[in-house]
file target_22.txt (compact mmCIF, C-alpha atoms and all ligand atoms)
# COMPACT_ATOMS: atom_id res chain seq x y z
CA MET O 1 31.17 -31.16 53.09
CA SER O 2 33.38 -31.90 56.09
CA MET O 3 35.05 -29.09 58.00
CA GLU O 4 38.48 -30.47 57.01
CA ALA O 5 37.67 -30.46 53.28
CA LEU O 6 36.27 -26.93 53.50
CA THR O 7 39.35 -25.67 55.37
CA GLY O 8 41.57 -27.41 52.81
CA ILE O 9 39.79 -25.66 49.92
CA ILE O 10 40.05 -22.26 51.63
CA VAL O 11 43.77 -22.77 52.34
CA PHE O 12 44.30 -23.83 48.69
CA ILE O 13 42.51 -20.73 47.33
CA MET O 14 44.49 -18.51 49.74
CA GLY O 15 47.61 -20.17 48.32
CA LEU O 16 46.58 -19.24 44.76
CA VAL O 17 45.95 -15.61 45.77
CA PHE O 18 49.18 -15.32 47.77
CA GLY O 19 51.12 -17.07 44.98
CA SER O 20 49.87 -14.46 42.54
CA PHE O 21 51.07 -11.74 44.94
CA TYR O 22 54.46 -13.48 45.37
CA ASN O 23 55.01 -13.42 41.60
CA VAL O 24 54.64 -9.64 41.79
CA VAL O 25 56.79 -9.29 44.94
CA GLY O 26 59.57 -11.54 43.57
CA TYR O 27 59.69 -9.55 40.33
CA ARG O 28 59.35 -6.05 41.75
CA LEU O 29 61.68 -6.33 44.77
CA ALA O 30 64.43 -7.77 42.56
CA ASN O 31 64.00 -4.81 40.19
CA ASN O 32 63.52 -2.13 42.86
CA ILE O 33 59.96 -1.33 41.77
CA SER O 34 57.25 -0.42 44.32
CA ILE O 35 55.03 -3.38 45.21
CA VAL O 36 51.80 -1.32 45.13
CA TYR O 37 52.41 1.01 42.19
CA PRO O 38 51.99 0.82 39.21
CA PRO O 39 49.13 -1.72 39.08
CA SER O 40 49.76 -5.02 37.27
CA HIS O 41 50.29 -4.55 33.58
CA CYS O 42 51.63 -6.36 30.52
CA PRO O 43 55.43 -5.85 30.47
CA ASN O 44 55.31 -5.67 26.66
CA CYS O 45 52.46 -3.21 25.83
CA ASN O 46 51.72 -1.77 29.32
CA HIS O 47 48.08 -2.89 29.02
CA LYS O 48 46.62 -2.49 32.54
CA LEU O 49 45.20 -5.84 33.67
CA LYS O 50 41.43 -5.94 34.29
CA PHE O 51 40.17 -7.70 37.43
CA TYR O 52 39.21 -10.80 35.46
CA GLU O 53 42.74 -10.95 34.04
CA LEU O 54 44.14 -11.13 37.58
CA ILE O 55 42.47 -14.38 38.70
CA PRO O 56 45.27 -16.83 39.57
CA VAL O 57 45.78 -19.71 37.10
CA LEU O 58 42.27 -19.32 35.56
CA SER O 59 43.09 -16.03 33.82
CA TYR O 60 46.15 -17.65 32.26
CA VAL O 61 43.95 -20.47 30.94
CA PHE O 62 41.19 -18.12 29.62
CA LEU O 63 43.76 -15.84 27.95
CA LEU O 64 45.43 -18.95 26.46
CA GLY O 65 48.70 -17.71 27.94
CA LYS O 66 48.69 -14.47 25.92
CA CYS O 67 48.20 -10.76 26.70
CA SER O 68 44.60 -9.83 25.70
CA LYS O 69 45.82 -6.69 23.87
CA CYS O 70 49.20 -7.35 22.23
CA LYS O 71 48.97 -11.19 22.24
CA LYS O 72 52.50 -11.47 23.62
CA ARG O 73 53.05 -14.78 25.47
CA ILE O 74 52.75 -14.59 29.26
CA SER O 75 55.49 -16.47 31.09
CA PHE O 76 54.36 -19.90 32.29
CA SER O 77 56.17 -19.15 35.55
CA TYR O 78 53.15 -17.08 36.73
CA PRO O 79 50.54 -19.88 36.85
CA PHE O 80 53.29 -22.33 37.86
CA PHE O 81 54.22 -20.44 41.05
CA GLU O 82 50.53 -19.72 41.82
CA MET O 83 49.78 -23.44 41.64
CA LEU O 84 52.94 -24.36 43.57
CA THR O 85 52.09 -21.93 46.39
CA ALA O 86 48.54 -23.32 46.61
CA ILE O 87 49.76 -26.93 46.74
CA LEU O 88 52.40 -26.17 49.39
CA PHE O 89 49.94 -24.16 51.53
CA LEU O 90 47.54 -27.12 51.36
CA LEU O 91 50.39 -29.44 52.32
CA CYS O 92 51.13 -27.23 55.37
CA TYR O 93 47.51 -27.72 56.44
CA LEU O 94 47.48 -31.48 55.77
CA VAL O 95 50.76 -32.05 57.61
CA PHE O 96 50.39 -29.67 60.58
CA GLY O 97 46.66 -28.82 60.88
CA ILE O 98 45.64 -25.31 61.87
CA ASN O 99 47.97 -24.19 64.67
CA ILE O 100 51.04 -22.00 65.19
CA LYS O 101 53.25 -24.54 63.39
CA PHE O 102 50.97 -24.13 60.35
CA PHE O 103 51.42 -20.35 60.30
CA ILE O 104 55.20 -20.61 60.76
CA SER O 105 55.34 -23.14 57.91
CA VAL O 106 53.20 -20.99 55.61
CA ILE O 107 55.48 -17.99 56.21
CA PHE O 108 58.58 -20.17 55.72
CA ILE O 109 57.19 -21.60 52.44
CA SER O 110 56.28 -18.07 51.32
CA ILE O 111 59.85 -16.86 51.88
CA LEU O 112 61.22 -19.85 49.95
CA ILE O 113 58.86 -19.24 47.01
CA ILE O 114 59.48 -15.48 46.70
CA ILE O 115 63.26 -15.76 46.89
CA SER O 116 63.21 -18.67 44.40
CA ILE O 117 61.24 -16.54 41.91
CA SER O 118 63.67 -13.59 42.17
CA ASP O 119 66.77 -15.82 42.31
CA ILE O 120 65.79 -17.84 39.21
CA LYS O 121 64.91 -14.74 37.18
CA TYR O 122 67.35 -12.12 38.47
CA TYR O 123 69.96 -13.89 40.65
CA ILE O 124 68.80 -11.78 43.59
CA ILE O 125 67.53 -12.83 47.02
CA PRO O 126 65.79 -9.71 48.37
CA ASP O 127 66.78 -8.80 51.97
CA GLU O 128 63.27 -7.41 52.62
CA VAL O 129 61.71 -10.87 52.26
CA LEU O 130 64.21 -12.47 54.64
CA ILE O 131 63.89 -9.69 57.23
CA ILE O 132 60.08 -9.45 57.25
CA GLY O 133 59.75 -13.26 57.17
CA SER O 134 62.22 -13.73 60.06
CA VAL O 135 60.50 -11.10 62.22
CA LEU O 136 57.10 -12.77 61.66
CA ILE O 137 58.50 -16.19 62.54
CA ILE O 138 60.20 -14.85 65.70
CA ILE O 139 56.91 -13.23 66.78
CA LEU O 140 55.10 -16.56 66.24
CA ASN O 141 57.83 -18.34 68.26
CA ILE O 142 57.21 -15.89 71.12
CA ILE O 143 53.43 -16.46 70.94
CA ASN O 144 53.99 -20.22 70.78
CA SER O 145 56.21 -20.11 73.89
CA LEU O 146 53.68 -18.06 75.85
CA VAL O 147 50.64 -20.11 74.80
CA ASN O 148 52.22 -23.54 75.24
CA ASP O 149 54.22 -22.64 78.35
CA ILE O 150 57.63 -23.20 76.74
CA SER O 151 60.57 -21.26 78.22
CA LEU O 152 61.68 -18.30 76.09
CA LEU O 153 65.16 -19.85 76.11
CA ASN O 154 63.93 -22.99 74.33
CA GLY O 155 61.14 -21.47 72.28
CA VAL O 156 62.72 -18.22 71.09
CA LEU O 157 66.42 -17.93 71.88
CA MET O 158 67.45 -21.43 70.74
CA PRO O 159 65.85 -21.08 67.28
CA LEU O 160 67.63 -17.70 66.91
CA LEU O 161 70.98 -19.26 67.82
CA ASN O 162 70.27 -22.10 65.35
CA GLY O 163 69.77 -19.47 62.66
CA VAL O 164 72.99 -17.65 63.55
CA GLY O 165 74.89 -20.96 63.62
CA ALA O 166 73.57 -21.99 60.19
CA PHE O 167 74.45 -18.56 58.81
CA ALA O 168 77.99 -18.85 60.24
CA VAL O 169 78.58 -22.31 58.74
CA LEU O 170 77.57 -21.27 55.22
CA TYR O 171 79.60 -18.08 55.62
CA LEU O 172 82.68 -20.21 56.35
CA PHE O 173 81.86 -22.37 53.30
CA LYS O 174 81.82 -19.19 51.23
CA VAL O 175 85.14 -17.87 52.58
CA PHE O 176 86.72 -21.28 51.91
CA GLY O 177 85.10 -21.61 48.45
CA ASP O 178 86.11 -18.11 47.39
CA MET O 179 89.70 -18.94 48.35
CA VAL O 180 89.75 -22.26 46.47
CA PHE O 181 88.01 -21.04 43.31
CA GLN O 182 89.47 -17.53 43.42
CA LYS O 183 86.04 -16.02 42.75
CA GLU O 184 82.73 -15.47 44.45
CA CYS O 185 81.08 -18.90 44.61
CA LEU O 186 78.13 -18.18 46.89
CA GLY O 187 75.92 -15.10 47.03
CA GLY O 188 75.31 -13.17 50.25
CA GLY O 189 71.59 -13.87 49.85
CA ASP O 190 72.14 -17.64 50.09
CA ILE O 191 73.99 -17.18 53.38
CA LYS O 192 71.29 -14.92 54.84
CA LEU O 193 68.66 -17.45 53.71
CA LEU O 194 70.44 -20.06 55.84
CA PHE O 195 69.63 -17.95 58.91
CA VAL O 196 65.90 -18.38 58.19
CA ILE O 197 66.33 -22.10 57.47
CA GLY O 198 68.21 -22.59 60.77
CA LEU O 199 65.56 -20.56 62.59
CA VAL O 200 62.77 -22.89 61.40
CA LEU O 201 64.43 -26.29 60.87
CA GLY O 202 67.11 -26.11 63.56
CA PHE O 203 70.90 -26.08 63.23
CA ASP O 204 71.42 -29.78 62.40
CA MET O 205 68.82 -29.86 59.65
CA SER O 206 70.01 -26.59 58.13
CA ILE O 207 73.39 -28.28 57.60
CA VAL O 208 71.59 -31.28 56.06
CA THR O 209 69.76 -28.77 53.82
CA ILE O 210 73.11 -27.49 52.51
CA PHE O 211 74.21 -31.06 51.72
CA ILE O 212 70.96 -32.11 50.00
CA SER O 213 70.86 -28.94 47.89
CA SER O 214 74.52 -29.38 46.89
CA PHE O 215 73.72 -32.92 45.73
CA ILE O 216 70.80 -31.63 43.61
CA ALA O 217 72.67 -28.59 42.29
CA LEU O 218 76.02 -30.22 41.47
CA PRO O 219 74.99 -32.29 38.39
CA LEU O 220 72.88 -29.37 37.10
CA SER O 221 75.75 -26.92 37.48
CA VAL O 222 78.05 -29.27 35.54
CA ILE O 223 75.45 -29.48 32.73
CA SER O 224 75.04 -25.70 32.75
CA LEU O 225 78.84 -25.29 32.61
CA ILE O 226 79.10 -27.59 29.58
CA LYS O 227 76.08 -26.18 27.75
CA ASN O 228 76.41 -22.44 28.38
CA ASN O 229 79.99 -22.24 29.50
CA ASN O 230 78.81 -20.43 32.61
CA ASN O 231 78.62 -21.76 36.12
CA VAL O 232 76.47 -19.02 37.57
CA LEU O 233 73.67 -21.05 39.05
CA PRO O 234 71.09 -19.64 41.44
CA PHE O 235 71.55 -21.72 44.62
CA GLY O 236 68.49 -20.29 46.44
CA PRO O 237 65.92 -22.55 44.70
CA TYR O 238 67.92 -25.70 45.59
CA LEU O 239 68.19 -24.62 49.23
CA SER O 240 64.43 -23.94 49.10
CA ILE O 241 63.52 -27.35 47.63
CA SER O 242 65.69 -29.14 50.19
CA ALA O 243 64.32 -27.09 53.10
CA ALA O 244 60.72 -27.76 51.98
CA ILE O 245 61.40 -31.52 51.76
CA ILE O 246 62.80 -31.52 55.31
CA LEU O 247 59.90 -29.38 56.61
CA PHE O 248 57.20 -31.69 55.24
CA THR O 249 58.85 -35.06 55.82
CA GLY O 250 59.90 -34.17 59.37
CA LEU O 251 63.29 -35.66 58.52
CA ASN O 252 65.62 -35.36 61.52
CA LEU O 253 69.18 -36.23 62.47
CA ASP O 254 68.17 -39.40 64.37
CA MET O 255 66.46 -40.78 61.27
CA ILE O 256 69.55 -40.09 59.18
CA LEU O 257 71.93 -41.63 61.75
CA ASN O 258 69.67 -44.68 62.13
CA PHE O 259 69.67 -45.14 58.37
CA PHE O 260 73.46 -45.02 58.11
CA THR O 261 74.04 -47.30 61.07
CA SER O 262 71.52 -49.86 59.72
CA ILE O 263 73.32 -50.37 56.39
ZN ZN O 301 50.46 -6.80 26.12
call {"tool": "encode", "arguments": {"input": "target_22.txt", "output": "structure tokens"}}
result
Amino acid sequence: MSMEALTGIIVFIMGLVFGSFYNVVGYRLANNISIVYPPSHCPNCNHKLKFYELIPVLSYVFLLGKCSKCKKRISFSYPFFEMLTAILFLLCYLVFGINIKFFISVIFISILIIISISDIKYYIIPDEVLIIGSVLIIILNIINSLVNDISLLNGVLMPLLNGVGAFAVLYLFKVFGDMVFQKECLGGGDIKLLFVIGLVLGFDMSIVTIFISSFIALPLSVISLIKNNNNVLPFGPYLSISAAIILFTGLNLDMILNFFTSI
């Protein structure tokens, strides 16, 4: 087997394992439960999961999607997010190779997955994930600057300012939106998430992220309003999908401007 294929398989398996952990983190942080205690158990009958019931994706298949003791259905979201994490980790490797950009991307993707899990289920974007993730990315930016002889201004300070700028723009959107709709239209977590997106994708592309996610979310929020008569829609997952698309496609402002000037 080639070195590339072997690395790809290892990255994929790491993705499955981390994805399994992110399911736990997303659930427990949103509900203020310790990440390490108690050990994983069935939420219905408290059956403590054996080691072979903790294997990502495979356990779900072997157990036919049910708790081995009480036979209560296990949410499909567990294997789904395990698989998604594995695929996106692999994509990080295929797109960037193994370098600092790979590690920054893996951390970025991890943040997006965890906050999507907790935002979809509990309408919460945990601060801890954004803070720890940002610190790790800033440390990698510092290492990258030192190793590749980039000035700290360009390699560390500029990304930070991009994050602050992106945060400020969405904050203004929120102030404006709250005024127009006379109610809270954007959560604080979404705005803080924009800091991380600006930090990694740059200021310009973080603004593009807001636009793309609004385009995806708008029709869905109208449907949700008609069907359930409620317009509470977690915005975090849409920001995450848009940010991931931009990360992997390398979409930039020049490409967008070229497209619009060519038509
Ligand atoms: Zn059970």
call {"tool": "residues_around", "arguments": {"input": "target_22.txt", "residues": "O:Met158", "least_positions_apart": "4", "cutoff": "10 Å", "atoms": "only C-alpha atoms", "output": "list in words"}}
result
Leu152, Leu153, Asn154, Asn162, Gly163, Val164, Leu199, Gly202 and Phe203 of chain O
call {"tool": "residues_near_ligand", "arguments": {"input": "target_22.txt", "ligand": "ligand ZN 301 (chain O)", "cutoff": "7 Å", "atoms": "all atoms listed in the file", "output": "list in words"}}
result
Cys42, Pro43, Asn44, Cys45, Asn46, His47, Cys67, Ser68, Lys69, Cys70, Lys71 and Lys72 of chain O
call {"tool": "closest_residue", "arguments": {"input": "target_22.txt", "among": "O:Leu6, O:Ala86, O:Ile114, O:Ile150", "to": "O:Asn23", "atoms": "only C-alpha atoms"}}
result
O:Ile114
call {"tool": "atom_distance", "arguments": {"input": "target_22.txt", "atom1": "atom CA of O:Ile131", "atom2": "atom CA of O:Val196"}}
result
9.0 Å
call {"tool": "closest_residue", "arguments": {"input": "target_22.txt", "among": "O:Gly97, O:Pro237, O:Gly155, O:Gly198", "to": "O:Val11", "atoms": "all atoms listed in the file"}}
result
O:Gly97
call {"tool": "residues_around", "arguments": {"input": "target_22.txt", "residues": "stretch 49-53 of chain O", "least_positions_apart": "5", "cutoff": "7 Å", "atoms": "all atoms listed in the file", "output": "ChimeraX atom specification"}}
result
/O:40-41,59
call {"tool": "atom_distance", "arguments": {"input": "target_22.txt", "atom1": "atom CA of O:Phe76", "atom2": "atom CA of O:Cys185"}}
result
29.4 Å
call {"tool": "atom_distance", "arguments": {"input": "target_22.txt", "atom1": "atom CA of O:Phe12", "atom2": "atom CA of O:Leu94"}}
result
10.9 Å
